[in-house]
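Data file: start_15.cif. Format and content: mmCIF, C-alpha atoms.
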```cif
data_work
#
loop_
_atom_site.group_PDB
_atom_site.id
_atom_site.type_symbol
_atom_site.label_atom_id
_atom_site.label_comp_id
_atom_site.auth_asym_id
_atom_site.auth_seq_id
_atom_site.Cartn_x
_atom_site.Cartn_y
_atom_site.Cartn_z
ATOM 1 C CA MET A 1306 106.357 26.435 -142.453
ATOM 2 C CA SER A 1307 104.169 23.326 -142.550
ATOM 3 C CA VAL A 1308 104.372 20.255 -144.766
ATOM 4 C CA ARG A 1309 101.490 18.015 -143.697
ATOM 5 C CA ASP A 1310 101.295 17.391 -139.981
ATOM 6 C CA GLU A 1311 103.472 17.411 -136.853
ATOM 7 C CA ILE A 1312 105.446 14.289 -137.783
ATOM 8 C CA ASP A 1313 106.348 15.493 -141.278
ATOM 9 C CA ASN A 1314 107.091 18.970 -139.934
ATOM 10 C CA ASN A 1315 109.495 17.528 -137.350
ATOM 11 C CA PHE A 1316 111.170 15.380 -140.000
ATOM 12 C CA LEU A 1317 111.669 18.409 -142.236
ATOM 13 C CA LEU A 1318 113.139 20.439 -139.369
ATOM 14 C CA ASP A 1319 115.466 17.552 -138.435
ATOM 15 C CA ALA A 1320 116.619 17.278 -142.070
ATOM 16 C CA LEU A 1321 117.245 21.024 -142.324
ATOM 17 C CA ARG A 1322 119.164 20.945 -139.053
ATOM 18 C CA ALA A 1323 121.312 18.092 -140.373
ATOM 19 C CA VAL A 1324 122.147 20.074 -143.522
ATOM 20 C CA LEU A 1325 122.970 23.262 -141.623
ATOM 21 C CA PHE A 1326 125.167 21.603 -139.018
ATOM 22 C CA GLU A 1327 126.546 18.841 -141.290
ATOM 23 C CA THR A 1328 125.254 16.040 -139.102
ATOM 24 C CA PRO A 1329 123.772 12.686 -140.226
ATOM 25 C CA MET A 1330 120.377 12.883 -141.893
ATOM 26 C CA PRO A 1331 117.447 11.639 -139.802
ATOM 27 C CA THR A 1332 116.032 8.170 -140.387
ATOM 28 C CA GLN A 1333 112.964 8.199 -142.605
ATOM 29 C CA TYR A 1334 109.586 6.926 -141.490
ATOM 30 C CA SER A 1335 108.129 3.652 -142.704
ATOM 31 C CA ARG A 1336 104.492 3.933 -143.744
ATOM 32 C CA TYR A 1337 101.818 1.270 -143.882
ATOM 33 C CA GLU A 1338 98.039 1.252 -144.317
ATOM 34 C CA ARG A 1339 95.512 -1.511 -143.740
ATOM 35 C CA ASN A 1340 92.076 -1.122 -145.322
ATOM 36 C CA THR A 1341 89.500 -3.891 -144.835
ATOM 37 C CA ALA A 1342 85.744 -4.172 -144.382
ATOM 38 C CA GLU A 1343 86.375 -4.035 -140.616
ATOM 39 C CA THR A 1344 89.140 -1.463 -140.157
ATOM 40 C CA LEU A 1345 90.946 1.435 -141.793
ATOM 41 C CA LEU A 1346 94.313 2.057 -140.155
ATOM 42 C CA SER A 1347 97.425 4.012 -141.128
ATOM 43 C CA VAL A 1348 100.789 4.051 -139.404
ATOM 44 C CA ARG A 1349 104.060 5.930 -139.640
ATOM 45 C CA LEU A 1350 107.009 4.544 -137.703
ATOM 46 C CA ARG A 1351 110.657 5.499 -137.250
ATOM 47 C CA VAL A 1352 113.267 3.238 -135.660
ATOM 48 C CA PRO A 1353 115.083 4.551 -133.724
ATOM 49 C CA GLY A 1354 113.127 7.628 -132.733
ATOM 50 C CA GLN A 1355 112.657 9.933 -129.774
ATOM 51 C CA GLY A 1356 109.549 8.479 -128.184
ATOM 52 C CA ARG A 1357 107.111 10.706 -130.046
ATOM 53 C CA VAL A 1358 103.972 8.595 -129.974
ATOM 54 C CA LEU A 1359 100.311 9.013 -130.887
ATOM 55 C CA VAL A 1360 97.963 6.012 -131.057
ATOM 56 C CA ASN A 1361 94.270 6.654 -131.665
ATOM 57 C CA THR A 1362 91.930 3.904 -132.864
ATOM 58 C CA GLY A 1363 89.152 4.280 -130.293
ATOM 59 C CA ALA A 1364 90.187 1.078 -128.481
ATOM 60 C CA GLY A 1365 91.351 3.025 -125.438
ATOM 61 C CA PHE A 1366 93.088 0.398 -123.265
ATOM 62 C CA TYR A 1367 94.865 -1.191 -126.230
ATOM 63 C CA ASP A 1368 95.825 2.197 -127.663
ATOM 64 C CA HIS A 1369 97.502 2.853 -124.325
ATOM 65 C CA MET A 1370 99.321 -0.498 -124.386
ATOM 66 C CA LEU A 1371 100.794 0.137 -127.841
ATOM 67 C CA GLN A 1372 101.695 3.673 -126.805
ATOM 68 C CA GLN A 1373 103.638 2.257 -123.859
ATOM 69 C CA LEU A 1374 105.466 -0.209 -126.110
ATOM 70 C CA ALA A 1375 106.508 2.453 -128.612
ATOM 71 C CA PHE A 1376 107.477 5.036 -126.005
ATOM 72 C CA HIS A 1377 109.677 2.711 -123.954
ATOM 73 C CA ALA A 1378 111.321 1.415 -127.148
ATOM 74 C CA GLY A 1379 112.209 4.964 -128.169
ATOM 75 C CA LEU A 1380 110.184 4.716 -131.382
ATOM 76 C CA ASP A 1381 108.450 7.536 -133.217
ATOM 77 C CA LEU A 1382 104.967 6.213 -133.946
ATOM 78 C CA ARG A 1383 101.742 7.667 -135.245
ATOM 79 C CA LEU A 1384 98.958 5.088 -135.661
ATOM 80 C CA GLU A 1385 95.427 6.291 -136.336
ATOM 81 C CA GLY A 1386 92.239 4.895 -137.773
ATOM 82 C CA VAL A 1387 88.812 3.465 -137.180
ATOM 83 C CA GLY A 1388 87.308 0.022 -136.750
ATOM 84 C CA ASP A 1389 83.945 -1.641 -136.260
ATOM 85 C CA LEU A 1390 83.958 -1.006 -132.505
ATOM 86 C CA GLU A 1391 80.195 -1.511 -132.452
ATOM 87 C CA THR A 1392 80.972 -5.248 -132.627
ATOM 88 C CA GLY A 1393 83.626 -4.991 -129.895
ATOM 89 C CA ASP A 1394 87.365 -4.288 -129.784
ATOM 90 C CA HIS A 1395 88.532 -7.555 -131.317
ATOM 91 C CA HIS A 1396 88.905 -6.650 -135.019
ATOM 92 C CA THR A 1397 90.322 -3.201 -134.324
ATOM 93 C CA VAL A 1398 92.906 -4.447 -131.838
ATOM 94 C CA GLU A 1399 94.071 -7.360 -133.989
ATOM 95 C CA ASP A 1400 94.469 -5.140 -137.035
ATOM 96 C CA MET A 1401 96.096 -2.368 -135.010
ATOM 97 C CA MET A 1402 98.804 -4.722 -133.758
ATOM 98 C CA ARG A 1403 99.201 -6.354 -137.169
ATOM 99 C CA THR A 1404 99.577 -2.928 -138.799
ATOM 100 C CA PHE A 1405 102.209 -1.987 -136.242
ATOM 101 C CA GLY A 1406 104.054 -5.249 -136.954
ATOM 102 C CA GLU A 1407 104.019 -4.601 -140.708
ATOM 103 C CA ALA A 1408 105.394 -1.092 -140.220
ATOM 104 C CA LEU A 1409 108.060 -2.381 -137.846
ATOM 105 C CA ASP A 1410 109.125 -4.998 -140.384
ATOM 106 C CA LEU A 1411 109.477 -2.282 -143.034
ATOM 107 C CA ALA A 1412 111.389 -0.021 -140.643
ATOM 108 C CA LEU A 1413 113.878 -2.743 -139.664
ATOM 109 C CA GLY A 1414 114.611 -3.561 -143.307
ATOM 110 C CA ASP A 1415 117.471 -6.050 -143.692
ATOM 111 C CA ARG A 1416 118.068 -5.947 -139.900
ATOM 112 C CA LYS A 1417 121.538 -4.514 -140.397
ATOM 113 C CA GLY A 1418 122.686 -2.793 -137.223
ATOM 114 C CA LEU A 1419 120.478 -4.869 -134.960
ATOM 115 C CA THR A 1420 121.814 -6.981 -132.133
ATOM 116 C CA ARG A 1421 119.090 -9.434 -133.282
ATOM 117 C CA TYR A 1422 118.690 -11.027 -129.846
ATOM 118 C CA GLY A 1423 117.239 -9.172 -126.882
ATOM 119 C CA GLU A 1424 116.154 -10.024 -123.346
ATOM 120 C CA ALA A 1425 114.699 -8.008 -120.483
ATOM 121 C CA ARG A 1426 113.435 -8.883 -117.008
ATOM 122 C CA VAL A 1427 111.834 -6.090 -115.006
ATOM 123 C CA PRO A 1428 109.991 -6.163 -111.653
ATOM 124 C CA MET A 1429 107.158 -3.767 -110.839
ATOM 125 C CA ASP A 1430 105.003 -3.268 -107.748
ATOM 126 C CA GLU A 1431 102.577 -6.082 -108.601
ATOM 127 C CA ALA A 1432 104.233 -7.837 -111.526
ATOM 128 C CA ILE A 1433 107.424 -9.223 -112.975
ATOM 129 C CA ALA A 1434 107.841 -9.417 -116.745
ATOM 130 C CA HIS A 1435 110.374 -11.357 -118.799
ATOM 131 C CA ALA A 1436 110.730 -10.974 -122.567
ATOM 132 C CA VAL A 1437 113.074 -12.578 -125.099
ATOM 133 C CA VAL A 1438 113.129 -11.554 -128.769
ATOM 134 C CA ASP A 1439 114.957 -12.904 -131.822
ATOM 135 C CA LEU A 1440 114.526 -10.842 -134.999
ATOM 136 C CA SER A 1441 115.275 -13.917 -137.069
ATOM 137 C CA GLY A 1442 112.987 -13.456 -140.046
ATOM 138 C CA ARG A 1443 110.942 -16.500 -138.959
ATOM 139 C CA ALA A 1444 107.731 -15.636 -137.166
ATOM 140 C CA THR A 1445 106.693 -17.433 -133.996
ATOM 141 C CA ALA A 1446 105.377 -16.118 -130.696
ATOM 142 C CA LYS A 1447 104.884 -17.721 -127.310
ATOM 143 C CA ILE A 1448 103.262 -15.515 -124.673
ATOM 144 C CA SER A 1449 102.406 -16.584 -121.143
ATOM 145 C CA ILE A 1450 100.466 -14.188 -118.911
ATOM 146 C CA SER A 1451 99.179 -15.488 -115.601
ATOM 147 C CA PRO A 1452 96.389 -15.024 -114.845
ATOM 148 C CA ASP A 1453 95.178 -14.239 -118.369
ATOM 149 C CA GLU A 1454 91.612 -13.478 -117.391
ATOM 150 C CA ALA A 1455 88.815 -12.010 -119.467
ATOM 151 C CA TRP A 1456 89.300 -8.354 -118.540
ATOM 152 C CA SER A 1457 88.839 -7.548 -122.217
ATOM 153 C CA PRO A 1458 87.204 -9.111 -125.313
ATOM 154 C CA MET A 1459 90.303 -11.239 -125.995
ATOM 155 C CA PRO A 1460 93.047 -12.889 -123.898
ATOM 156 C CA SER A 1461 96.008 -10.579 -123.471
ATOM 157 C CA SER A 1462 98.427 -13.252 -124.672
ATOM 158 C CA HIS A 1463 96.569 -13.269 -128.011
ATOM 159 C CA TRP A 1464 96.994 -9.610 -128.897
ATOM 160 C CA CYS A 1465 100.563 -9.578 -127.583
ATOM 161 C CA LYS A 1466 101.433 -12.056 -130.349
ATOM 162 C CA ARG A 1467 100.093 -10.020 -133.254
ATOM 163 C CA PRO A 1468 103.131 -7.797 -133.997
ATOM 164 C CA ALA A 1469 105.476 -10.805 -134.139
ATOM 165 C CA LEU A 1470 103.689 -12.418 -137.085
ATOM 166 C CA PRO A 1471 104.085 -9.764 -139.816
ATOM 167 C CA CYS A 1472 107.398 -8.622 -138.285
ATOM 168 C CA THR A 1473 108.848 -12.134 -138.758
ATOM 169 C CA SER A 1474 110.342 -12.295 -135.285
ATOM 170 C CA ARG A 1475 110.529 -14.944 -132.624
ATOM 171 C CA ARG A 1476 109.166 -13.701 -129.345
ATOM 172 C CA ARG A 1477 108.748 -15.256 -125.957
ATOM 173 C CA GLY A 1478 107.254 -13.368 -123.069
ATOM 174 C CA ARG A 1479 106.097 -14.243 -119.581
ATOM 175 C CA THR A 1480 104.317 -11.954 -117.156
ATOM 176 C CA LEU A 1481 103.116 -12.842 -113.683
ATOM 177 C CA ILE A 1482 100.504 -10.363 -112.477
ATOM 178 C CA THR A 1483 98.145 -9.844 -109.552
ATOM 179 C CA SER A 1484 95.936 -7.090 -110.993
ATOM 180 C CA PRO A 1485 94.624 -6.101 -114.454
ATOM 181 C CA ARG A 1486 96.473 -2.800 -114.261
ATOM 182 C CA ARG A 1487 99.832 -4.546 -113.983
ATOM 183 C CA LEU A 1488 99.269 -6.250 -117.316
ATOM 184 C CA GLN A 1489 100.872 -3.072 -118.688
ATOM 185 C CA SER A 1490 104.261 -4.209 -117.400
ATOM 186 C CA GLY A 1491 104.695 -6.747 -120.179
ATOM 187 C CA ARG A 1492 104.598 -4.160 -122.962
ATOM 188 C CA PRO A 1493 107.604 -2.002 -122.004
ATOM 189 C CA ARG A 1494 109.648 -5.164 -121.422
ATOM 190 C CA LEU A 1495 109.010 -6.367 -124.973
ATOM 191 C CA ALA A 1496 109.995 -2.902 -126.113
ATOM 192 C CA GLN A 1497 113.309 -3.045 -124.269
ATOM 193 C CA ALA A 1498 114.081 -6.351 -125.936
ATOM 194 C CA LEU A 1499 113.724 -4.648 -129.357
ATOM 195 C CA THR A 1500 116.484 -2.099 -128.675
ATOM 196 C CA LYS A 1501 118.664 -1.396 -131.708
ATOM 197 C CA ASP A 1502 122.434 -1.796 -131.460
ATOM 198 C CA GLY A 1503 125.464 -2.998 -133.412
ATOM 199 C CA SER A 1504 126.448 -2.622 -137.072
ATOM 200 C CA LEU A 1505 126.215 -6.119 -138.589
ATOM 201 C CA VAL A 1506 123.538 -8.497 -139.828
ATOM 202 C CA ARG A 1507 123.647 -11.058 -137.028
ATOM 203 C CA SER A 1508 123.577 -14.220 -139.116
ATOM 204 C CA THR A 1509 126.314 -16.336 -140.691
ATOM 205 C CA LYS A 1510 124.081 -16.466 -143.795
ATOM 206 C CA GLY A 1511 124.521 -12.712 -144.210
ATOM 207 C CA SER A 1512 120.803 -11.965 -144.092
ATOM 208 C CA LEU A 1513 117.760 -12.517 -141.887
#
```
Represent the supplied structure as structure tokens.
Amino acid sequence: MSVRDEIDNNFLLDALRAVLFETPMPTQYSRYERNTAETLLSVRLRVPGQGRVLVNTGAGFYDHMLQQLAFHAGLDLRLEGVGDLETGDHHTVEDMMRTFGEALDLALGDRKGLTRYGEARVPMDEAIAHAVVDLSGRATAKISISPDEAWSPMPSSHWCKRPALPCTSRRRGRTLITSPRRLQSGRPRLAQALTKDGSLVRSTKGSL
């Protein structure tokens, strides 16, 4: 039996399993598409998920970074598309991260069940990363990566900010690194700070 692709097939099987064994129905995927003169990107995202991740835009290093973020956050993510890579990675990467942020905003909905605040500090062989997130509904982002050298067409702190803007979250992150490879450490830490928990909307206003 096949519905459309692997993600939809898995969702159907999970739903059938829930009916047969009288367990809670699986969370549905949020879907978002961005179509501009520079990029065509589509995303399906489920929060929480099981770490089933596929990211394929042709921007290899950045695809890997987003894959790390989604996997360590336990999200189910499929993000695919094309961009004007003949002009460089910049447009594709910005739109990829923006598209992910839009899908995440849709998936989180009214933020009910979220702890809202999250923090993680994790050391690695050549780096230590610290991330703080507030899913407040008001978008700001402050990212500090040292050194933030030109290993790629754009500073790493720039593309780290992109998901926070459409997702209306406050995010602060700091990563101290001694090699380009260890830049990866900042992504899983931001993911850990997005962990879902609790059962209330964490605001005295009743909404975020």
Here's the selection I'm unsure about, the PyMOL selection byres ((chain A and resi 1339-1346) around 8); applied to the file above, which residues does it give, as a CSV table (one decimal) with C-alpha atoms, keeping the file's coordinate frame?
```
chain,number,residue,atom,x,y,z
A,1337,TYR,CA,101.8,1.3,-143.9
A,1338,GLU,CA,98.0,1.3,-144.3
A,1347,SER,CA,97.4,4.0,-141.1
A,1348,VAL,CA,100.8,4.1,-139.4
A,1362,THR,CA,91.9,3.9,-132.9
A,1384,LEU,CA,99.0,5.1,-135.7
A,1385,GLU,CA,95.4,6.3,-136.3
A,1386,GLY,CA,92.2,4.9,-137.8
A,1387,VAL,CA,88.8,3.5,-137.2
A,1388,GLY,CA,87.3,0.0,-136.8
A,1389,ASP,CA,83.9,-1.6,-136.3
A,1396,HIS,CA,88.9,-6.6,-135.0
A,1397,THR,CA,90.3,-3.2,-134.3
A,1400,ASP,CA,94.5,-5.1,-137.0
A,1401,MET,CA,96.1,-2.4,-135.0
A,1404,THR,CA,99.6,-2.9,-138.8
```
Mind working out the centre and edge lengths of an axis-aligned box for region 1413-1417 of chain A, all listed atoms inside, 5 Å added to each side, rounded to one decimal in Å and written as JSON?
```
{"center_x": 117.7, "center_y": -4.4, "center_z": -141.7, "size_x": 17.7, "size_y": 13.3, "size_z": 14.0}
```
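Each of A:Val1352, A:Val1360, A:Ala1378, A:Val1324 was compared to Arg1416 (chain A) using all atoms listed in the file, and A:Val1352 turns out to be the nearest.
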Original post:
Mind pulling up the distance from CA of Arg1383 (chain A) to CA of Asn1361 (chain A)?
Top reply: 8.3 Å
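Proximity to Asp1310 (chain A) was assessed for A:Leu1325, A:Arg1349, A:Leu1413, A:Gly1354 counting all atoms listed in the file; the smallest distance is recorded for A:Arg1349.
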Might you pull out every residue within 10 Å of Pro1331 (chain A), with only C-alpha atoms counted and same-chain residues fewer than 3 positions away left off, and present them as a PDB file with C-alpha atoms, in the coordinates of the input?
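As a result, result-v1.pdb now contains:
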```pdb
ATOM      1  CA  PHE A1316     111.170  15.380-140.000  1.00  0.00           C
ATOM      2  CA  LEU A1317     111.669  18.409-142.236  1.00  0.00           C
ATOM      3  CA  LEU A1318     113.139  20.439-139.369  1.00  0.00           C
ATOM      4  CA  ASP A1319     115.466  17.552-138.435  1.00  0.00           C
ATOM      5  CA  ALA A1320     116.619  17.278-142.070  1.00  0.00           C
ATOM      6  CA  LEU A1321     117.245  21.024-142.324  1.00  0.00           C
ATOM      7  CA  ARG A1322     119.164  20.945-139.053  1.00  0.00           C
ATOM      8  CA  ALA A1323     121.312  18.092-140.373  1.00  0.00           C
ATOM      9  CA  THR A1328     125.254  16.040-139.102  1.00  0.00           C
ATOM     10  CA  TYR A1334     109.586   6.926-141.490  1.00  0.00           C
ATOM     11  CA  ARG A1351     110.657   5.499-137.250  1.00  0.00           C
ATOM     12  CA  PRO A1353     115.083   4.551-133.724  1.00  0.00           C
ATOM     13  CA  GLY A1354     113.127   7.628-132.733  1.00  0.00           C
TER      14      GLY A1354
END
```
**OP:** One decimal, Å: what's the distance from CA of Tyr1367 (chain A) over to CA of Glu1399 (chain A), could you say?
**Re:**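 Between CA of Tyr1367 (chain A) and CA of Glu1399 (chain A) the gap is 9.9 Å.
Of note, CA of Ala1446 (chain A) and CA of Arg1421 (chain A) are spaced 15.5 Å apart.
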Subject >> Nearest to Val1358 (chain A) by atom-to-atom distance, counting only C-alpha atoms, from A:Leu1390, A:Leu1382, A:Val1438, A:Met1370 >> reply: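 The shortest atom-to-atom distance to Val1358 (chain A) comes from A:Leu1382.
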Subject >> Nearest to Gly1406 (chain A) by atom-to-atom distance, counting all atoms listed in the file, from A:Leu1419, A:Ala1436, A:Ala1364, A:Leu1350 >> reply: A:Leu1350
Subject >> A:Ala1425, A:Lys1417, A:Thr1445, A:Ala1432 ranked by distance to Gly1511 (chain A), top pick (using all atoms listed in the file) >> reply: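 Smallest distance to Gly1511 (chain A) is found for A:Lys1417.
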